[in-house]
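Peer 1: Sharing a structure here in structure tokens format.
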Number of protein chains: 2
Amino acid sequence: MTTDTTIPVLINGAAEDRISSLDRGLLYGDGLFETIAVADGRPVFWSRHMARLQAGSERLGIPCVDADRLAEEARGLLQGVERCILKIIVTRGTGGRGYRAPTDPQPTRIIQRHPWADYPASCTEQGVRVRLCEQRLGTDPLLAGVKHLNRLEQILARQEWTDPEIMEGLMADWQGNLVEGTMSNLFVVQGPVLATPDLGRCGVAGIVRGVVIELAEELGLSLAVRDLTLTALRAADEVFLTNSVIGIWPVIRLDDHSWRRGQVARQLQEGLAGLHRGDEQWQH
Amino acid sequence: MTTDTTIPVLINGAAEDRISSLDRGLLYGDGLFETIAVADGRPVFWSRHMARLQAGSERLGIPCVDADRLAEEARGLLQGVERCILKIIVTRGTGGRGYRAPTDPQPTRIIQRHPWADYPASCTEQGVRVRLCEQRLGTDPLLAGVKHLNRLEQILARQEWTDPEIMEGLMADWQGNLVEGTMSNLFVVQGPVLATPDLGRCGVAGIVRGVVIELAEELGLSLAVRDLTLTALRAADEVFLTNSVIGIWPVIRLDDHSWRRGQVARQLQEGLAGLHRGDEQWQH
């Protein structure tokens with residue numbers, strides 16, 4: 001994301017970059033978003049992003065936006081562009097009275113085309129340093145997993161550091177379990193087990209997290225979705241982070257603790273790249 | 001709040017009702033708001049609202065918006081209007097990279113003039129029925145008390161009922177302590193003690209809540225800010241709700257439990273009305 005004011009935007013299908021100040025997305029964060037990598041002119045894992053957007057809409061009680069319509073609009077915005085980030089926001093629109101939602105909400109759909117993120121290749125190839133954030137994630141089973149617009153916890157966490165060498169901050173819940181990074185999901189490898197935190201109480205169910213879980217089974221790893229303590233993190237053979245833009249980043253350091261960039265992260269990176277190449281979901 | 005599209009809006013001082021779709025207020029709920037009652041053409045408790053806005057800005061790390069400038073803009077919007085609701089929103093503006101805030105944020109300030117809320121007079125005079133929401137409030141000491149734009153918990157709670165006889169829903173935290181209503185603060189009277197939940201872990205520190213706490217001392221009531229269980233609520237002599245628009249609403253029923261509209265709520269309503277009349281903060 002950037003401050004570039006020339007970011008092309010479609011709002012409800014129109015070439016328009018402003019929304020009503022009465023939109024509930026602004027008033028209350030009453031909406032959802034998807035951040036989608038575009039490679040070779042195609043939004044990667046499009047169908048998965050659309051499925052998550054639909055599931056989130058159902059959770060919040062926002063009418064589902066038609067995915068074909070979004071695809072058509074995205075296609076217009078992507079013309080002639082090979083590599084970028086597509087951000088899709090769906091809000092409950094205007095109306096209602098205070099927190100009470102309108103009885104017949106007309107969702108606002110926003111599609112923004114952002115420049116590709118310029119993270120150093122070393123993040124993928126050598127791995128990254130992370131820190132542990134003091135900011136915690138609050139419990140909410142109803143909102144857990146959903147990529148909604150209420151992101152102050154992540155913003156406060158991201159404000160905790162300025163060191164450019166530290167690429168991500170890990171966040172725990174109030175029980176002290178590690179849940180995710182500010183913008184990524186967390187995995188650890190311990191022997192033959194690939195483990196990732198349970199997102200039943202908080203956290204965002206990332207698209208690449210879901211893909212890695214499927215890839216793990218193909219690679220013959222046994223998968224565990226469970227609570228993850230800092231002690232278990234330190235004891236892990238490998239640690240890595242995932243999201244739609246970064247793919248998979250091995251974690252090589254947290255404070256004075258180091259991990260090697262291991263074979264599992266490498267295999268999963270290759271598996272993910274293969275899926276990117278083979279992802280024909282966009283050609284529907 | 002209403003869907004009326006003729007709601008006058010000023011954005012950064014200009015007669016403009018739309019904001020950038022890149023504003024962090026929309027992207028992440030990265031901002032604050034104030035809902036201010038206007039009576040006799042004057043925003044009630046203006047200085048208190050400005051003080052809370054400033055405190056919230058400091059908490060989120062958003063540069064403080066100049067209150068005199070806001071007052072000047074509000075004055076323009078209020079010309080010739082005796083009774084309405086002023087809504088002020090301050091966001092961190094555009095920029096930054098993802099959750100990471102820009103190093104030199106330029107806040108967006110939005111002032112909206114909404115019609116006065118048409119709640120029945122019986123809410124104030126006879127009292128209201130409430131329900132207990134299943135939706136809980138997550139813990140976050142850093143965000144607790146702040147009137148920020150992340151309000152999905154309240155929206156999900158407000159979606160739990162449609163019965164127009166029920167005017168408010170009470171919300172508990174994950175420990176089972178009652179914290180507040182979806183849009184109001186909660187007080188109970190037990191003998192000579194006026195008690196209201198502690199907002200150190202979650203909740204919004206309402207302006208009228210602060211005023212009532214001060215009035216209580218003047219009325220010779222002893223004040224307790226403490227955890228409040230459902231059992232203690234049921235055992236209370238009186239229960240009431242506060243916010244800037246409703247003032248003070250006695251609670252007379254929750255499920256099969258009833259309370260009388262008591263003397264303390266009545267005295268506090270009178271005290272509040274006296275302060276409204278005497279509030280000269282706007283004439284600065």
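Following the order of the structure tokens, first chain is A, next is B, and so on, with residues numbered from 1 inside each chain and ligands from 1 in the order they appear.
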When you look at Ile111 of chain B with a cut-off of 10 Å (counting only C-alpha atoms), what residues show up, excluding the ones that are within fewer than 4 positions of it in the same chain? I need them as a ChimeraX atom specification.

Peer 2: /A:21 /B:8-17,33-34,70,73-74,77,86-90

Peer 1: Using every C-alpha atom paired in order, could you least-squares fit chain B onto chain A and give me the moved chain as a short mmCIF file (atom, residue, chain, number, x, y, z; two decimals) with C-alpha atoms, in the first residue's frame?

Peer 2:
```
data_model
loop_
_atom_site.label_atom_id
_atom_site.label_comp_id
_atom_site.auth_asym_id
_atom_site.auth_seq_id
_atom_site.Cartn_x
_atom_site.Cartn_y
_atom_site.Cartn_z
CA MET B 1 0.02 0.04 -0.03
CA THR B 2 1.29 3.53 -0.73
CA THR B 3 0.29 7.17 -0.63
CA ASP B 4 0.47 7.37 -4.43
CA THR B 5 -2.63 9.29 -5.39
CA THR B 6 -2.68 7.75 -8.86
CA ILE B 7 -3.89 4.40 -7.51
CA PRO B 8 -6.75 3.38 -9.83
CA VAL B 9 -9.97 2.67 -7.95
CA LEU B 10 -13.40 1.40 -8.91
CA ILE B 11 -16.28 2.03 -6.52
CA ASN B 12 -19.43 0.08 -7.30
CA GLY B 13 -18.04 -0.34 -10.78
CA ALA B 14 -17.40 3.35 -11.45
CA ALA B 15 -13.96 4.95 -11.89
CA GLU B 16 -14.20 6.86 -8.66
CA ASP B 17 -11.80 7.05 -5.74
CA ARG B 18 -13.96 8.53 -3.00
CA ILE B 19 -16.74 7.12 -0.84
CA SER B 20 -19.51 8.71 1.21
CA SER B 21 -18.42 9.87 4.66
CA LEU B 22 -21.63 8.16 5.82
CA ASP B 23 -20.43 4.73 4.70
CA ARG B 24 -20.47 2.28 7.59
CA GLY B 25 -17.05 1.05 6.50
CA LEU B 26 -15.68 4.39 7.68
CA LEU B 27 -18.07 5.00 10.59
CA TYR B 28 -17.58 1.61 12.27
CA GLY B 29 -15.19 -0.52 10.23
CA ASP B 30 -18.34 -2.37 9.18
CA GLY B 31 -16.94 -4.41 6.31
CA LEU B 32 -14.32 -6.78 4.95
CA PHE B 33 -11.28 -6.74 2.72
CA GLU B 34 -9.07 -8.97 0.59
CA THR B 35 -5.48 -8.27 -0.43
CA ILE B 36 -4.72 -10.24 -3.58
CA ALA B 37 -1.39 -10.76 -5.31
CA VAL B 38 -1.53 -10.33 -9.09
CA ALA B 39 1.08 -12.26 -11.11
CA ASP B 40 1.20 -12.49 -14.91
CA GLY B 41 -1.92 -10.35 -14.99
CA ARG B 42 -3.92 -12.86 -12.92
CA PRO B 43 -5.13 -12.49 -9.34
CA VAL B 44 -3.58 -15.45 -7.52
CA PHE B 45 -5.98 -17.74 -5.61
CA TRP B 46 -8.93 -15.64 -6.79
CA SER B 47 -11.55 -18.29 -5.97
CA ARG B 48 -10.20 -18.73 -2.47
CA HIS B 49 -10.28 -14.97 -1.85
CA MET B 50 -13.86 -14.84 -3.11
CA ALA B 51 -14.85 -17.77 -0.88
CA ARG B 52 -13.36 -16.05 2.17
CA LEU B 53 -15.09 -12.78 1.28
CA GLN B 54 -18.38 -14.63 1.04
CA ALA B 55 -17.84 -16.44 4.34
CA GLY B 56 -16.96 -13.14 6.04
CA SER B 57 -20.05 -11.48 4.58
CA GLU B 58 -22.22 -14.24 6.00
CA ARG B 59 -20.56 -13.86 9.40
CA LEU B 60 -21.22 -10.10 9.49
CA GLY B 61 -24.66 -10.34 7.88
CA ILE B 62 -23.67 -8.30 4.84
CA PRO B 63 -25.28 -9.43 1.54
CA CYS B 64 -22.75 -11.29 -0.58
CA VAL B 65 -21.27 -9.32 -3.43
CA ASP B 66 -21.45 -11.18 -6.75
CA ALA B 67 -17.98 -12.64 -7.40
CA ASP B 68 -18.44 -12.63 -11.19
CA ARG B 69 -19.20 -8.94 -11.08
CA LEU B 70 -16.11 -8.32 -8.95
CA ALA B 71 -14.05 -10.40 -11.39
CA GLU B 72 -15.31 -8.38 -14.31
CA GLU B 73 -14.48 -5.12 -12.58
CA ALA B 74 -11.06 -6.40 -11.51
CA ARG B 75 -10.36 -7.47 -15.09
CA GLY B 76 -10.96 -3.90 -16.25
CA LEU B 77 -8.59 -2.54 -13.62
CA LEU B 78 -5.88 -5.09 -14.47
CA GLN B 79 -5.74 -4.51 -18.19
CA GLY B 80 -2.11 -4.44 -19.33
CA VAL B 81 -0.81 -4.88 -15.77
CA GLU B 82 1.28 -7.97 -15.02
CA ARG B 83 2.27 -7.50 -11.38
CA CYS B 84 0.41 -5.55 -8.70
CA ILE B 85 -1.74 -5.91 -5.61
CA LEU B 86 -5.49 -5.88 -5.87
CA LYS B 87 -7.30 -4.73 -2.76
CA ILE B 88 -11.01 -5.42 -2.54
CA ILE B 89 -13.11 -3.82 0.20
CA VAL B 90 -16.78 -4.59 0.78
CA THR B 91 -18.69 -2.54 3.35
CA ARG B 92 -22.29 -2.64 4.55
CA GLY B 93 -22.81 0.69 2.74
CA THR B 94 -24.68 3.62 4.23
CA GLY B 95 -27.82 3.69 6.36
CA GLY B 96 -29.09 2.16 9.53
CA ARG B 97 -29.25 4.02 12.80
CA GLY B 98 -26.03 4.13 14.73
CA TYR B 99 -24.74 0.61 15.24
CA ARG B 100 -28.04 -0.83 14.06
CA ALA B 101 -27.57 -1.99 10.50
CA PRO B 102 -30.03 -1.04 7.75
CA THR B 103 -32.66 -3.70 7.09
CA ASP B 104 -31.86 -3.72 3.37
CA PRO B 105 -28.13 -2.98 3.15
CA GLN B 106 -26.62 -2.02 -0.20
CA PRO B 107 -22.97 -3.01 0.12
CA THR B 108 -20.25 -0.73 -1.20
CA ARG B 109 -17.61 -2.54 -3.25
CA ILE B 110 -14.23 -0.94 -3.73
CA ILE B 111 -11.42 -2.30 -5.89
CA GLN B 112 -8.01 -0.65 -5.71
CA ARG B 113 -4.95 -1.46 -7.80
CA HIS B 114 -1.80 -0.92 -5.74
CA PRO B 115 1.82 -1.24 -6.93
CA TRP B 116 3.49 -4.55 -6.17
CA ALA B 117 5.20 -4.63 -2.74
CA ASP B 118 8.97 -4.27 -3.01
CA TYR B 119 10.15 -6.52 -0.18
CA PRO B 120 13.80 -7.60 -0.52
CA ALA B 121 14.28 -11.04 -2.10
CA SER B 122 16.38 -11.95 0.95
CA CYS B 123 13.17 -12.16 3.02
CA THR B 124 12.10 -15.19 0.98
CA GLU B 125 15.56 -16.59 0.36
CA GLN B 126 17.40 -16.04 3.63
CA GLY B 127 14.54 -15.37 6.04
CA VAL B 128 13.53 -12.52 8.33
CA ARG B 129 13.95 -11.20 11.85
CA VAL B 130 10.79 -10.76 13.89
CA ARG B 131 9.88 -9.35 17.29
CA LEU B 132 7.25 -10.16 19.88
CA CYS B 133 4.61 -7.43 20.20
CA GLU B 134 3.27 -6.23 23.52
CA GLN B 135 -0.09 -5.53 21.90
CA ARG B 136 -2.34 -8.58 22.26
CA LEU B 137 -5.25 -9.91 20.24
CA GLY B 138 -8.63 -9.77 21.98
CA THR B 139 -10.93 -12.78 22.02
CA ASP B 140 -13.94 -12.85 19.71
CA PRO B 141 -15.05 -16.24 18.34
CA LEU B 142 -17.62 -14.55 16.08
CA LEU B 143 -15.06 -12.30 14.41
CA ALA B 144 -12.13 -14.74 14.63
CA GLY B 145 -10.74 -15.74 11.26
CA VAL B 146 -12.61 -12.96 9.45
CA LYS B 147 -10.61 -10.37 7.48
CA HIS B 148 -12.73 -7.43 8.63
CA LEU B 149 -11.99 -3.71 8.71
CA ASN B 150 -11.41 -3.41 12.49
CA ARG B 151 -7.62 -3.43 12.53
CA LEU B 152 -6.52 -1.14 15.37
CA GLU B 153 -4.86 -4.02 17.22
CA GLN B 154 -2.58 -4.60 14.24
CA ILE B 155 -1.91 -0.89 13.82
CA LEU B 156 -0.95 -0.45 17.48
CA ALA B 157 1.26 -3.53 17.24
CA ARG B 158 2.97 -2.24 14.10
CA GLN B 159 3.66 1.06 15.88
CA GLU B 160 5.80 -0.71 18.46
CA TRP B 161 8.93 -0.81 16.27
CA THR B 162 10.71 1.21 13.61
CA ASP B 163 13.84 -0.91 13.11
CA PRO B 164 13.79 -1.67 9.35
CA GLU B 165 15.68 -4.93 9.99
CA ILE B 166 12.64 -6.34 11.75
CA MET B 167 10.12 -7.39 9.14
CA GLU B 168 7.25 -8.59 11.28
CA GLY B 169 5.88 -8.63 14.83
CA LEU B 170 4.32 -11.72 16.39
CA MET B 171 1.12 -11.26 18.38
CA ALA B 172 -0.21 -13.33 21.27
CA ASP B 173 -3.67 -13.56 22.77
CA TRP B 174 -4.40 -12.72 26.42
CA GLN B 175 -3.69 -16.30 27.45
CA GLY B 176 -0.15 -15.87 26.12
CA ASN B 177 -0.59 -18.12 23.08
CA LEU B 178 1.05 -16.92 19.89
CA VAL B 179 -1.58 -16.41 17.20
CA GLU B 180 -0.08 -14.71 14.14
CA GLY B 181 2.02 -11.84 12.85
CA THR B 182 0.56 -8.35 12.41
CA MET B 183 0.07 -9.10 8.70
CA SER B 184 0.85 -12.81 8.40
CA ASN B 185 0.06 -16.27 9.71
CA LEU B 186 2.54 -18.29 11.71
CA PHE B 187 3.77 -21.88 11.25
CA VAL B 188 6.31 -23.96 13.15
CA VAL B 189 7.93 -27.24 12.20
CA GLN B 190 8.80 -29.65 14.99
CA GLY B 191 10.09 -33.00 13.76
CA PRO B 192 7.51 -34.44 11.33
CA VAL B 193 4.78 -32.05 12.53
CA LEU B 194 3.79 -28.77 10.93
CA ALA B 195 1.82 -26.72 13.47
CA THR B 196 -0.10 -23.46 13.17
CA PRO B 197 -2.15 -21.68 15.82
CA ASP B 198 -5.85 -22.32 16.13
CA LEU B 199 -7.83 -19.25 15.01
CA GLY B 200 -11.04 -20.01 16.87
CA ARG B 201 -10.75 -17.06 19.27
CA CYS B 202 -8.86 -14.43 17.26
CA GLY B 203 -6.67 -13.95 14.20
CA VAL B 204 -7.19 -13.85 10.46
CA ALA B 205 -7.49 -17.07 8.43
CA GLY B 206 -5.04 -16.23 5.65
CA ILE B 207 -5.43 -17.60 2.13
CA VAL B 208 -1.82 -18.83 1.94
CA ARG B 209 -2.25 -20.36 5.41
CA GLY B 210 -5.03 -22.50 3.93
CA VAL B 211 -2.89 -23.38 0.91
CA VAL B 212 0.08 -24.35 3.09
CA ILE B 213 -2.14 -26.58 5.21
CA GLU B 214 -3.18 -28.43 2.05
CA LEU B 215 0.38 -28.60 0.70
CA ALA B 216 1.62 -30.02 4.00
CA GLU B 217 -0.53 -33.08 3.57
CA GLU B 218 0.81 -33.60 0.06
CA LEU B 219 4.36 -33.35 1.41
CA GLY B 220 3.59 -36.06 3.95
CA LEU B 221 3.83 -33.74 6.95
CA SER B 222 1.45 -34.28 9.78
CA LEU B 223 -0.50 -31.12 10.52
CA ALA B 224 -1.49 -29.78 13.93
CA VAL B 225 -3.77 -26.78 14.44
CA ARG B 226 -3.25 -26.00 18.10
CA ASP B 227 -2.23 -23.47 20.72
CA LEU B 228 1.37 -22.34 20.38
CA THR B 229 3.41 -21.06 23.29
CA LEU B 230 6.60 -19.03 23.08
CA THR B 231 8.43 -22.03 24.54
CA ALA B 232 7.17 -24.24 21.71
CA LEU B 233 8.15 -21.57 19.19
CA ARG B 234 11.70 -21.47 20.56
CA ALA B 235 11.89 -25.27 20.50
CA ALA B 236 10.80 -25.47 16.85
CA ASP B 237 13.12 -26.69 14.08
CA GLU B 238 11.75 -24.13 11.66
CA VAL B 239 9.45 -21.13 11.86
CA PHE B 240 7.84 -19.33 8.95
CA LEU B 241 5.23 -16.72 8.07
CA THR B 242 2.70 -16.64 5.26
CA ASN B 243 0.51 -14.13 3.50
CA SER B 244 -0.78 -13.49 -0.01
CA VAL B 245 1.85 -10.91 -0.88
CA ILE B 246 4.95 -12.26 0.88
CA GLY B 247 4.19 -15.91 0.16
CA ILE B 248 6.36 -17.76 2.70
CA TRP B 249 9.07 -16.03 4.75
CA PRO B 250 11.29 -18.22 6.93
CA VAL B 251 11.83 -16.68 10.37
CA ILE B 252 15.49 -16.80 11.35
CA ARG B 253 15.58 -14.66 14.46
CA LEU B 254 13.49 -13.46 17.41
CA ASP B 255 15.45 -11.45 19.99
CA ASP B 256 18.42 -13.68 20.90
CA HIS B 257 16.95 -16.87 19.47
CA SER B 258 17.83 -18.11 15.98
CA TRP B 259 16.37 -20.69 13.65
CA ARG B 260 17.78 -22.02 10.41
CA ARG B 261 15.91 -21.62 7.16
CA GLY B 262 14.82 -25.22 6.86
CA GLN B 263 13.81 -27.74 4.24
CA VAL B 264 10.09 -27.60 4.97
CA ALA B 265 9.81 -23.86 4.26
CA ARG B 266 11.85 -24.40 1.09
CA GLN B 267 9.64 -27.25 -0.10
CA LEU B 268 6.51 -25.28 0.67
CA GLN B 269 7.86 -22.23 -1.18
CA GLU B 270 8.40 -24.44 -4.22
CA GLY B 271 4.98 -25.99 -3.85
CA LEU B 272 3.40 -22.54 -3.58
CA ALA B 273 5.26 -21.29 -6.66
CA GLY B 274 3.99 -24.33 -8.57
CA LEU B 275 0.43 -23.56 -7.56
CA HIS B 276 0.87 -19.93 -8.64
CA ARG B 277 1.94 -21.10 -12.07
CA GLY B 278 -0.85 -23.62 -12.28
CA ASP B 279 -3.61 -21.43 -10.84
CA GLU B 280 -6.19 -21.35 -13.61
CA GLN B 281 -9.05 -20.18 -11.40
CA TRP B 282 -9.06 -16.77 -13.03
CA GLN B 283 -9.76 -18.19 -16.52
CA HIS B 284 -13.39 -18.91 -15.82
#
```

Peer 1: Return as a PyMOL selection string the full set of residues in segment 3-131 of chain B whose backbone-based DSSP assignment is strand (DSSP E or B).

Peer 2: chain B and resi 9-11+14-15+18-20+31-39+42-43+84-91+97+100+108-114+128-131

Peer 1: Could you give me, as a PyMOL selection string, each residue of segment 11-81 of chain B that DSSP assigns to helix (DSSP H, G or I) when run on this structure's backbone?

Peer 2: chain B and resi 24-28+46-60+67-78
